[in-house]
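In what follows, a single structure is set out as structure tokens and then discussed.
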Amino acid sequence: MKETEAALMFDLHSHTTASDGMLTPDALVARAVEQQVDVLAITDHDTVDGVNAAREAIEQASLPLHLVSGVEMSTLWENQEIHIVGLNIDIGHPALTAFLQHQQGLRHQRARDIAARLEKARIPGAWEGALRYAGQGAITRGHFARFLVEDGRANSMADVFRHYLARGKTGYVPAQWCTIEQAIHVIHLAGGQAVIAHPGRYRLSAKWLKRLLAHFSEAGGDAMEIAQCQQAPGERQQLALYARQFSLRASQGSDFHQPCAWIELGRRLALPEGVIPVWQDWAWAKHIKRAV
Ligand code: AMP
Ligand code: MN
Ligand code: MN
Ligand code: MN
């Protein structure tokens with residue numbers, strides 16, 4: 001009988017309760033297996049706290065899943081918040097630890113400022129409310145959004161962002177995130193690859209997006225996300241062209257935060273022809289096989 005080898009399913013962008021994901025690391029890896037993901041990267045906002053628990057859960061239950069240690073860093077470029085994903089990082093690297101501690105400090109201070117601004121706008125209790133959702137995890141605007149929905153200020157997360165948390169709104173506080181160069185540098189120090197997250201989601205014109213990609217590539221960045229589960233028609237092809245133009249490898253990821261109808265781990269992720277996958281040189285990935 002002829003054996004056909006199915007390609008591995010990579011999902012290289014996801015969140016847990018270590019930041020603004022709704023699933024614990026254990027629950028996330030279990031779900032990834034259910035969704036037939038073979039290789040999962042956990043990429044929480046400015047923290048790697050979910051990674052060890054996920055690794056232990058995989059080992060304990062001998063799950064057929066390979067975990068990539070990752071992170072999603074917030075950076076500031078030309079006054080825009082740009083997210084840089086680090087893949088295959090050494091989560092114990094001292095430079096990374098110090099860097100993430102600094103980013104967490106910025107998150108904490110910004111969260112305090114957001115709460116103060118909301119308080120002034122006669123929305124009390126936002127600090128406690130957001131903290132209740134964040135728990136021990138990295139605090140994000142996502143946690144404020146959940147509080148504001150719970151508090152009856154808006155009907156959906158999208159509405160909350162539109163009316164309260166987006167740039168220029170009552171609860172928006174600009175953060176002094178690190179630069180793109182600094183993020184790339186520390187990811188490389190920790191032995192990882194630096195990837196521009198969801199390039200289609202910054203609402204940049206083609207001219208500015210190309211400027212961003214040129215800057216990232218010149219600064220030593222390795223790859224860009226090309227495939228997500230929800231994209232405008234033609235977006236993947238366009239991003240693939242840019243990846244070639246700027247000599248960047250291609251990544252794919254769901255950016256899964258919680259079970260919902262339209263975003264799922266591993267769903268609709270595939271790279272167009274003609275790009276080099278970010279996992280091209282991952283030696284271990286050549287030795288694992290699909291479990292199904
Ligand atoms: P932060 O990194 O603290 O600025 O928070 C950004 C996070 O908020 C993102 O990672 C998303 O999870 C969430 N977010 C941003 N914009 C929206 C939106 N329009 N609707 C729902 N969630 C959003
Ligand atoms: Mn998020
Ligand atoms: Mn992001
Ligand atoms: Mn993300």
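By convention here, the chains of the structure tokens are called A, B, ... in the order presented, each chain's residues are numbered starting at 1, and ligands are numbered starting at 1 in the order presented.
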Site check for ligand 3: residues at most 8 Å away, only C-alpha atoms and all ligand atoms, as a PDB file with N, CA and C atoms, in the first residue's frame:
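Output (pocket.pdb):
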ATOM      1  N   HIS A  45       0.898  38.018  24.865  1.00  0.00           N
ATOM      2  CA  HIS A  45       1.356  39.407  24.817  1.00  0.00           C
ATOM      3  C   HIS A  45       2.436  39.688  25.864  1.00  0.00           C
ATOM      4  N   GLU A  72       4.407  37.410  21.765  1.00  0.00           N
ATOM      5  CA  GLU A  72       3.997  38.488  20.860  1.00  0.00           C
ATOM      6  C   GLU A  72       4.334  39.806  21.546  1.00  0.00           C
ATOM      7  N   SER A  74       4.702  43.917  21.834  1.00  0.00           N
ATOM      8  CA  SER A  74       4.150  45.183  21.351  1.00  0.00           C
ATOM      9  C   SER A  74       5.292  46.143  21.109  1.00  0.00           C
ATOM     10  N   ILE A  82       2.843  48.080  16.479  1.00  0.00           N
ATOM     11  CA  ILE A  82       3.107  46.933  15.609  1.00  0.00           C
ATOM     12  C   ILE A  82       3.475  45.736  16.479  1.00  0.00           C
ATOM     13  N   HIS A  83       2.865  44.590  16.206  1.00  0.00           N
ATOM     14  CA  HIS A  83       3.142  43.391  17.003  1.00  0.00           C
ATOM     15  C   HIS A  83       4.172  42.504  16.320  1.00  0.00           C
ATOM     16  N   ILE A  84       5.182  42.111  17.091  1.00  0.00           N
ATOM     17  CA  ILE A  84       6.237  41.234  16.573  1.00  0.00           C
ATOM     18  C   ILE A  84       6.189  39.919  17.341  1.00  0.00           C
ATOM     19  N   ALA A 197       3.488  40.282  13.012  1.00  0.00           N
ATOM     20  CA  ALA A 197       2.158  39.701  13.201  1.00  0.00           C
ATOM     21  C   ALA A 197       1.121  40.428  12.346  1.00  0.00           C
ATOM     22  N   HIS A 198       0.134  39.685  11.903  1.00  0.00           N
ATOM     23  CA  HIS A 198      -1.042  40.193  11.175  1.00  0.00           C
ATOM     24  C   HIS A 198      -0.838  41.527  10.452  1.00  0.00           C
ATOM     25  N   ASP A 255      -4.149  33.393  15.644  1.00  0.00           N
ATOM     26  CA  ASP A 255      -4.313  34.429  16.667  1.00  0.00           C
ATOM     27  C   ASP A 255      -5.517  34.084  17.543  1.00  0.00           C
TER      28      ASP A 255
END
Interface rows for chain A against ligand 1: nearest pair, Å to one decimal, 7 Å, only C-alpha atoms and all ligand atoms, as a tab-separated table:
residue	atom	partner	partner_atom_place_in_ligand_line	distance
A:Asp20	CA	ligand 1	12 (O)	6.3
A:His45	CA	ligand 1	2 (O)	6.4
A:Ser74	CA	ligand 1	2 (O)	6.5
A:Ile139	CA	ligand 1	3 (O)	6.6
A:Thr140	CA	ligand 1	3 (O)	3.2
A:Arg141	CA	ligand 1	3 (O)	3.9
A:Gly142	CA	ligand 1	8 (O)	4.3
A:Met157	CA	ligand 1	21 (C)	4.8
A:Ala158	CA	ligand 1	20 (N)	3.9
A:Phe161	CA	ligand 1	19 (N)	5.1
A:Arg162	CA	ligand 1	19 (N)	6.6
A:His257	CA	ligand 1	12 (O)	6.9
Proximity to ligand 2 - best of A:Phe10, A:Phe144, A:Tyr164, A:Tyr242, only C-alpha atoms and all ligand atoms: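 Nearest candidate to ligand 2 out of A:Phe10, A:Phe144, A:Tyr164, A:Tyr242: A:Phe144.
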Applying 6 Å and only C-alpha atoms, which residues near Gly86 (chain A) remain after dropping the ones on its own chain fewer than 2 positions away? List them as a PyMOL selection string. chain A and resi 70-71+187+193-194
Expressed in Å to a single decimal, how great is the separation between CA of Leu96 (chain A) and CA of Gly220 (chain A)?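 Spanning CA of Leu96 (chain A) to CA of Gly220 (chain A) is a straight-line distance of 17.3 Å.
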Could you tell me how far CA of Arg290 (chain A) lies from CA of Pro199 (chain A), in Å and to one decimal?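 Between these atoms lies a distance of 29.1 Å.
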Based on DSSP run over this structure's backbone, return all residues of region 80-246 of chain A in helix (DSSP H, G or I), as a ChimeraX atom specification. /A:94-120,126-134,141-150,157-165,180-189,199-201,206-218,235-245
Given the selection you just returned, output its residues as a file containing C-alpha atoms, formatted as a PDB file, in the first residue's frame.
ATOM      1  CA  PRO A  94      18.102  36.464  30.845  1.00  0.00           C
ATOM      2  CA  ALA A  95      17.945  39.253  28.239  1.00  0.00           C
ATOM      3  CA  LEU A  96      14.454  38.129  27.225  1.00  0.00           C
ATOM      4  CA  THR A  97      13.329  37.911  30.845  1.00  0.00           C
ATOM      5  CA  ALA A  98      14.564  41.441  31.571  1.00  0.00           C
ATOM      6  CA  PHE A  99      12.974  42.756  28.381  1.00  0.00           C
ATOM      7  CA  LEU A 100       9.589  41.191  29.101  1.00  0.00           C
ATOM      8  CA  GLN A 101       9.682  42.475  32.680  1.00  0.00           C
ATOM      9  CA  HIS A 102      10.121  45.970  31.303  1.00  0.00           C
ATOM     10  CA  GLN A 103       7.229  45.555  28.849  1.00  0.00           C
ATOM     11  CA  GLN A 104       5.059  44.232  31.692  1.00  0.00           C
ATOM     12  CA  GLY A 105       5.880  47.341  33.685  1.00  0.00           C
ATOM     13  CA  LEU A 106       4.673  49.453  30.744  1.00  0.00           C
ATOM     14  CA  ARG A 107       1.490  47.356  30.548  1.00  0.00           C
ATOM     15  CA  HIS A 108       0.812  47.833  34.240  1.00  0.00           C
ATOM     16  CA  GLN A 109       1.329  51.596  34.122  1.00  0.00           C
ATOM     17  CA  ARG A 110      -0.759  51.976  30.966  1.00  0.00           C
ATOM     18  CA  ALA A 111      -3.551  49.938  32.563  1.00  0.00           C
ATOM     19  CA  ARG A 112      -3.496  52.255  35.584  1.00  0.00           C
ATOM     20  CA  ASP A 113      -3.737  55.241  33.240  1.00  0.00           C
ATOM     21  CA  ILE A 114      -6.573  53.670  31.241  1.00  0.00           C
ATOM     22  CA  ALA A 115      -8.508  53.061  34.467  1.00  0.00           C
ATOM     23  CA  ALA A 116      -7.888  56.652  35.608  1.00  0.00           C
ATOM     24  CA  ARG A 117      -9.147  58.033  32.304  1.00  0.00           C
ATOM     25  CA  LEU A 118     -12.271  55.877  32.443  1.00  0.00           C
ATOM     26  CA  GLU A 119     -12.850  56.922  36.063  1.00  0.00           C
ATOM     27  CA  LYS A 120     -12.728  60.568  34.965  1.00  0.00           C
ATOM     28  CA  ALA A 126     -12.277  49.600  35.640  1.00  0.00           C
ATOM     29  CA  TRP A 127      -8.991  48.772  37.365  1.00  0.00           C
ATOM     30  CA  GLU A 128     -10.540  46.121  39.598  1.00  0.00           C
ATOM     31  CA  GLY A 129     -12.754  44.959  36.732  1.00  0.00           C
ATOM     32  CA  ALA A 130      -9.938  44.480  34.246  1.00  0.00           C
ATOM     33  CA  LEU A 131      -7.736  42.898  36.879  1.00  0.00           C
ATOM     34  CA  ARG A 132     -10.438  40.362  37.636  1.00  0.00           C
ATOM     35  CA  TYR A 133     -10.242  39.182  34.029  1.00  0.00           C
ATOM     36  CA  ALA A 134      -6.449  39.399  33.792  1.00  0.00           C
ATOM     37  CA  ARG A 141      -6.892  46.245  26.589  1.00  0.00           C
ATOM     38  CA  GLY A 142      -8.780  43.001  25.978  1.00  0.00           C
ATOM     39  CA  HIS A 143      -9.355  42.725  29.730  1.00  0.00           C
ATOM     40  CA  PHE A 144     -10.712  46.279  29.911  1.00  0.00           C
ATOM     41  CA  ALA A 145     -12.952  45.439  26.978  1.00  0.00           C
ATOM     42  CA  ARG A 146     -14.452  42.463  28.804  1.00  0.00           C
ATOM     43  CA  PHE A 147     -15.082  44.588  31.884  1.00  0.00           C
ATOM     44  CA  LEU A 148     -16.768  47.307  29.815  1.00  0.00           C
ATOM     45  CA  VAL A 149     -19.043  44.770  28.117  1.00  0.00           C
ATOM     46  CA  GLU A 150     -19.906  43.257  31.503  1.00  0.00           C
ATOM     47  CA  MET A 157     -15.772  43.614  22.106  1.00  0.00           C
ATOM     48  CA  ALA A 158     -15.634  45.316  18.718  1.00  0.00           C
ATOM     49  CA  ASP A 159     -17.999  48.049  19.961  1.00  0.00           C
ATOM     50  CA  VAL A 160     -15.982  48.588  23.110  1.00  0.00           C
ATOM     51  CA  PHE A 161     -12.842  49.111  21.097  1.00  0.00           C
ATOM     52  CA  ARG A 162     -14.613  51.392  18.674  1.00  0.00           C
ATOM     53  CA  HIS A 163     -16.108  53.609  21.395  1.00  0.00           C
ATOM     54  CA  TYR A 164     -13.680  53.427  24.302  1.00  0.00           C
ATOM     55  CA  LEU A 165     -10.333  51.805  23.646  1.00  0.00           C
ATOM     56  CA  ILE A 180      10.948  47.088  16.319  1.00  0.00           C
ATOM     57  CA  GLU A 181      14.760  46.870  16.355  1.00  0.00           C
ATOM     58  CA  GLN A 182      14.783  46.173  20.084  1.00  0.00           C
ATOM     59  CA  ALA A 183      12.189  43.414  19.719  1.00  0.00           C
ATOM     60  CA  ILE A 184      14.100  41.754  16.877  1.00  0.00           C
ATOM     61  CA  HIS A 185      17.356  42.048  18.812  1.00  0.00           C
ATOM     62  CA  VAL A 186      16.074  40.362  21.957  1.00  0.00           C
ATOM     63  CA  ILE A 187      14.276  37.628  19.993  1.00  0.00           C
ATOM     64  CA  HIS A 188      17.554  36.874  18.210  1.00  0.00           C
ATOM     65  CA  LEU A 189      19.499  36.917  21.483  1.00  0.00           C
ATOM     66  CA  PRO A 199       0.317  42.805   8.726  1.00  0.00           C
ATOM     67  CA  GLY A 200      -3.138  43.267   7.214  1.00  0.00           C
ATOM     68  CA  ARG A 201      -4.625  44.473  10.470  1.00  0.00           C
ATOM     69  CA  ALA A 206       0.066  49.955   0.713  1.00  0.00           C
ATOM     70  CA  LYS A 207       2.773  52.588   0.790  1.00  0.00           C
ATOM     71  CA  TRP A 208       3.088  52.523   4.581  1.00  0.00           C
ATOM     72  CA  LEU A 209       2.847  48.741   4.795  1.00  0.00           C
ATOM     73  CA  LYS A 210       5.727  48.429   2.356  1.00  0.00           C
ATOM     74  CA  ARG A 211       7.673  50.951   4.403  1.00  0.00           C
ATOM     75  CA  LEU A 212       7.054  48.866   7.513  1.00  0.00           C
ATOM     76  CA  LEU A 213       8.134  45.642   5.828  1.00  0.00           C
ATOM     77  CA  ALA A 214      11.252  47.277   4.377  1.00  0.00           C
ATOM     78  CA  HIS A 215      12.172  48.618   7.807  1.00  0.00           C
ATOM     79  CA  PHE A 216      11.546  45.260   9.479  1.00  0.00           C
ATOM     80  CA  SER A 217      13.573  43.400   6.872  1.00  0.00           C
ATOM     81  CA  GLU A 218      16.487  45.855   7.053  1.00  0.00           C
ATOM     82  CA  GLU A 235      -4.891  39.382   0.913  1.00  0.00           C
ATOM     83  CA  ARG A 236      -2.758  36.248   1.175  1.00  0.00           C
ATOM     84  CA  GLN A 237      -1.560  36.531  -2.390  1.00  0.00           C
ATOM     85  CA  GLN A 238      -0.708  40.179  -1.887  1.00  0.00           C
ATOM     86  CA  LEU A 239       1.170  39.467   1.347  1.00  0.00           C
ATOM     87  CA  ALA A 240       3.015  36.615  -0.364  1.00  0.00           C
ATOM     88  CA  LEU A 241       4.227  39.049  -3.021  1.00  0.00           C
ATOM     89  CA  TYR A 242       5.480  41.383  -0.303  1.00  0.00           C
ATOM     90  CA  ALA A 243       7.241  38.511   1.473  1.00  0.00           C
ATOM     91  CA  ARG A 244       9.195  37.842  -1.702  1.00  0.00           C
ATOM     92  CA  GLN A 245       9.826  41.507  -2.377  1.00  0.00           C
TER      93      GLN A 245
END
Close residues, Gly192 (chain A) itself excluded, 6 Å, only C-alpha atoms, min 5 positions apart in chain, as a VMD selection string: chain A and resid 87 to 89 187
What lies within 10 Å of Arg31 (chain A) using only C-alpha atoms, ignoring chain neighbours under 6 positions off, as a PyMOL selection string? chain A and resi 23+25+37+259+264-265
Based on the selection just made, write N, CA and C atoms of those residues as an mmCIF file, in the first residue's frame.
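Listing of result_19.cif after writing:
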data_model
loop_
_atom_site.group_PDB
_atom_site.id
_atom_site.type_symbol
_atom_site.label_atom_id
_atom_site.label_comp_id
_atom_site.auth_asym_id
_atom_site.auth_seq_id
_atom_site.Cartn_x
_atom_site.Cartn_y
_atom_site.Cartn_z
ATOM 1 N N LEU A 23 -8.521 30.496 27.305
ATOM 2 C CA LEU A 23 -8.232 29.114 27.700
ATOM 3 C C LEU A 23 -6.909 29.036 28.453
ATOM 4 N N PRO A 25 -3.364 27.231 29.442
ATOM 5 C CA PRO A 25 -2.432 26.513 28.563
ATOM 6 C C PRO A 25 -2.842 25.052 28.359
ATOM 7 N N VAL A 37 -4.125 20.169 14.921
ATOM 8 C CA VAL A 37 -2.916 20.967 14.751
ATOM 9 C C VAL A 37 -1.733 20.083 15.148
ATOM 10 N N PRO A 259 -12.743 30.272 22.209
ATOM 11 C CA PRO A 259 -13.659 29.571 21.303
ATOM 12 C C PRO A 259 -14.703 30.562 20.788
ATOM 13 N N GLU A 264 -10.690 29.722 14.740
ATOM 14 C CA GLU A 264 -10.421 28.420 15.361
ATOM 15 C C GLU A 264 -8.962 28.055 15.134
ATOM 16 N N LEU A 265 -8.406 27.344 16.068
ATOM 17 C CA LEU A 265 -7.027 26.864 15.930
ATOM 18 C C LEU A 265 -6.892 26.067 14.639
#
Picked from region 187-288 of chain A by DSSP as strand (DSSP E), as a tab-separated table (two decimals) with N, CA, C and O atoms, in the first residue's frame:
chain	number	residue	atom	x	y	z
A	193	GLN	N	13.21	33.44	15.96
A	193	GLN	CA	12.95	34.16	14.72
A	193	GLN	C	11.89	35.23	14.98
A	193	GLN	O	10.92	34.98	15.70
A	194	ALA	N	12.08	36.40	14.35
A	194	ALA	CA	11.15	37.51	14.54
A	194	ALA	C	10.20	37.60	13.35
A	194	ALA	O	10.62	37.59	12.20
A	195	VAL	N	8.91	37.69	13.66
A	195	VAL	CA	7.85	37.63	12.64
A	195	VAL	C	6.90	38.82	12.82
A	195	VAL	O	6.40	39.03	13.93
A	196	ILE	N	6.62	39.55	11.77
A	196	ILE	CA	5.60	40.61	11.87
A	196	ILE	C	4.22	39.96	11.95
A	196	ILE	O	3.84	39.17	11.08
A	223	ALA	N	10.53	37.04	9.21
A	223	ALA	CA	9.34	36.54	8.51
A	223	ALA	C	8.14	37.45	8.76
A	223	ALA	O	8.20	38.35	9.59
A	224	MET	N	7.09	37.20	8.01
A	224	MET	CA	5.83	37.92	8.21
A	224	MET	C	4.67	36.93	8.14
A	224	MET	O	4.75	35.93	7.43
A	225	GLU	N	3.62	37.20	8.89
A	225	GLU	CA	2.44	36.34	8.80
A	225	GLU	C	1.73	36.61	7.49
A	225	GLU	O	1.50	37.76	7.11
A	226	ILE	N	1.39	35.52	6.83
A	226	ILE	CA	0.75	35.61	5.51
A	226	ILE	C	-0.67	35.08	5.60
A	226	ILE	O	-1.57	35.58	4.95
A	227	ALA	N	-0.83	34.02	6.38
A	227	ALA	CA	-2.15	33.38	6.44
A	227	ALA	C	-2.72	33.43	7.85
A	227	ALA	O	-2.06	33.09	8.82
A	249	ARG	N	10.49	35.38	5.23
A	249	ARG	CA	9.83	34.08	5.19
A	249	ARG	C	8.37	34.25	5.58
A	249	ARG	O	7.94	35.33	6.01
A	250	ALA	N	7.61	33.18	5.40
A	250	ALA	CA	6.16	33.27	5.58
A	250	ALA	C	5.71	32.46	6.79
A	250	ALA	O	6.14	31.32	6.98
A	251	SER	N	4.82	33.05	7.59
A	251	SER	CA	4.28	32.33	8.74
A	251	SER	C	2.75	32.31	8.64
A	251	SER	O	2.15	32.98	7.79
A	252	GLN	N	2.14	31.51	9.50
A	252	GLN	CA	0.68	31.42	9.51
A	252	GLN	C	0.23	31.16	10.94
A	252	GLN	O	0.88	30.45	11.69
So that I can check the surroundings of region 40-42 of chain A, please list as number ranges by chain every protein, DNA and RNA residue that reaches within 8 Å of it, counting only C-alpha atoms and ignoring chain neighbours fewer than 3 positions away. A: 10-16, 29, 32, 37, 50-51, 65-71, 87
So that I have them on file, write out the residues from the current selection with N, CA and C atoms, as a short mmCIF file (atom, residue, chain, number, x, y, z; two decimals), in the first residue's frame.
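The file below, out-v5.cif, is the result:
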data_model
loop_
_atom_site.label_atom_id
_atom_site.label_comp_id
_atom_site.auth_asym_id
_atom_site.auth_seq_id
_atom_site.Cartn_x
_atom_site.Cartn_y
_atom_site.Cartn_z
N PHE A 10 0.59 23.67 10.86
CA PHE A 10 1.23 24.63 11.77
C PHE A 10 0.25 25.74 12.14
N ASP A 11 0.12 26.03 13.42
CA ASP A 11 -0.58 27.24 13.87
C ASP A 11 0.39 27.98 14.79
N LEU A 12 0.92 29.08 14.31
CA LEU A 12 2.06 29.71 14.99
C LEU A 12 1.70 31.04 15.66
N HIS A 13 0.45 31.16 16.09
CA HIS A 13 0.05 32.39 16.80
C HIS A 13 -1.19 32.08 17.64
N SER A 14 -1.04 32.07 18.97
CA SER A 14 -2.19 31.78 19.83
C SER A 14 -1.97 32.34 21.23
N HIS A 15 -3.08 32.48 21.94
CA HIS A 15 -3.04 33.10 23.29
C HIS A 15 -3.66 32.22 24.35
N THR A 16 -3.17 32.39 25.58
CA THR A 16 -3.71 31.67 26.74
C THR A 16 -4.06 32.68 27.83
N VAL A 29 -3.82 23.47 24.57
CA VAL A 29 -3.14 22.40 23.84
C VAL A 29 -4.10 21.24 23.56
N ALA A 32 -6.00 22.26 20.56
CA ALA A 32 -5.17 22.19 19.36
C ALA A 32 -5.14 20.76 18.82
N VAL A 37 -4.13 20.17 14.92
CA VAL A 37 -2.92 20.97 14.75
C VAL A 37 -1.73 20.08 15.15
N GLY A 50 2.82 31.16 29.85
CA GLY A 50 1.96 30.02 29.56
C GLY A 50 2.71 28.81 28.99
N VAL A 51 3.94 29.04 28.58
CA VAL A 51 4.63 28.02 27.79
C VAL A 51 4.96 26.76 28.59
N LEU A 65 1.41 16.62 19.84
CA LEU A 65 1.48 18.05 19.49
C LEU A 65 2.88 18.54 19.79
N HIS A 66 3.43 19.28 18.85
CA HIS A 66 4.74 19.89 19.10
C HIS A 66 4.53 21.36 19.45
N LEU A 67 5.11 21.76 20.58
CA LEU A 67 4.92 23.14 21.04
C LEU A 67 6.13 24.00 20.68
N VAL A 68 5.85 25.16 20.10
CA VAL A 68 6.89 26.15 19.82
C VAL A 68 6.79 27.25 20.88
N SER A 69 7.88 27.50 21.58
CA SER A 69 7.88 28.57 22.58
C SER A 69 7.86 29.90 21.86
N GLY A 70 6.86 30.72 22.19
CA GLY A 70 6.74 31.99 21.48
C GLY A 70 6.30 33.13 22.37
N VAL A 71 6.20 34.30 21.75
CA VAL A 71 5.79 35.51 22.44
C VAL A 71 5.28 36.48 21.38
N LEU A 87 9.43 33.36 17.61
CA LEU A 87 9.19 31.91 17.58
C LEU A 87 10.46 31.16 17.94
#
Min atom-atom distance to Ala6 (chain A) from the set A:Glu273, A:Asp38, A:Asp281, A:Asp151, counting only C-alpha atoms, belongs to A:Asp38
Provide the CA of Gln280 (chain A) to CA of Phe246 (chain A) distance in Å, to one decimal place.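 Going from CA of Gln280 (chain A) over to CA of Phe246 (chain A), I get 17.3 Å.
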So, with only C-alpha atoms as the atoms that count, which of A:Ser19, A:Asn79, A:Gln36, A:Thr47 lies closest to Gln176 (chain A)?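 Counting only C-alpha atoms, the residue closest to Gln176 (chain A) is A:Asn79.
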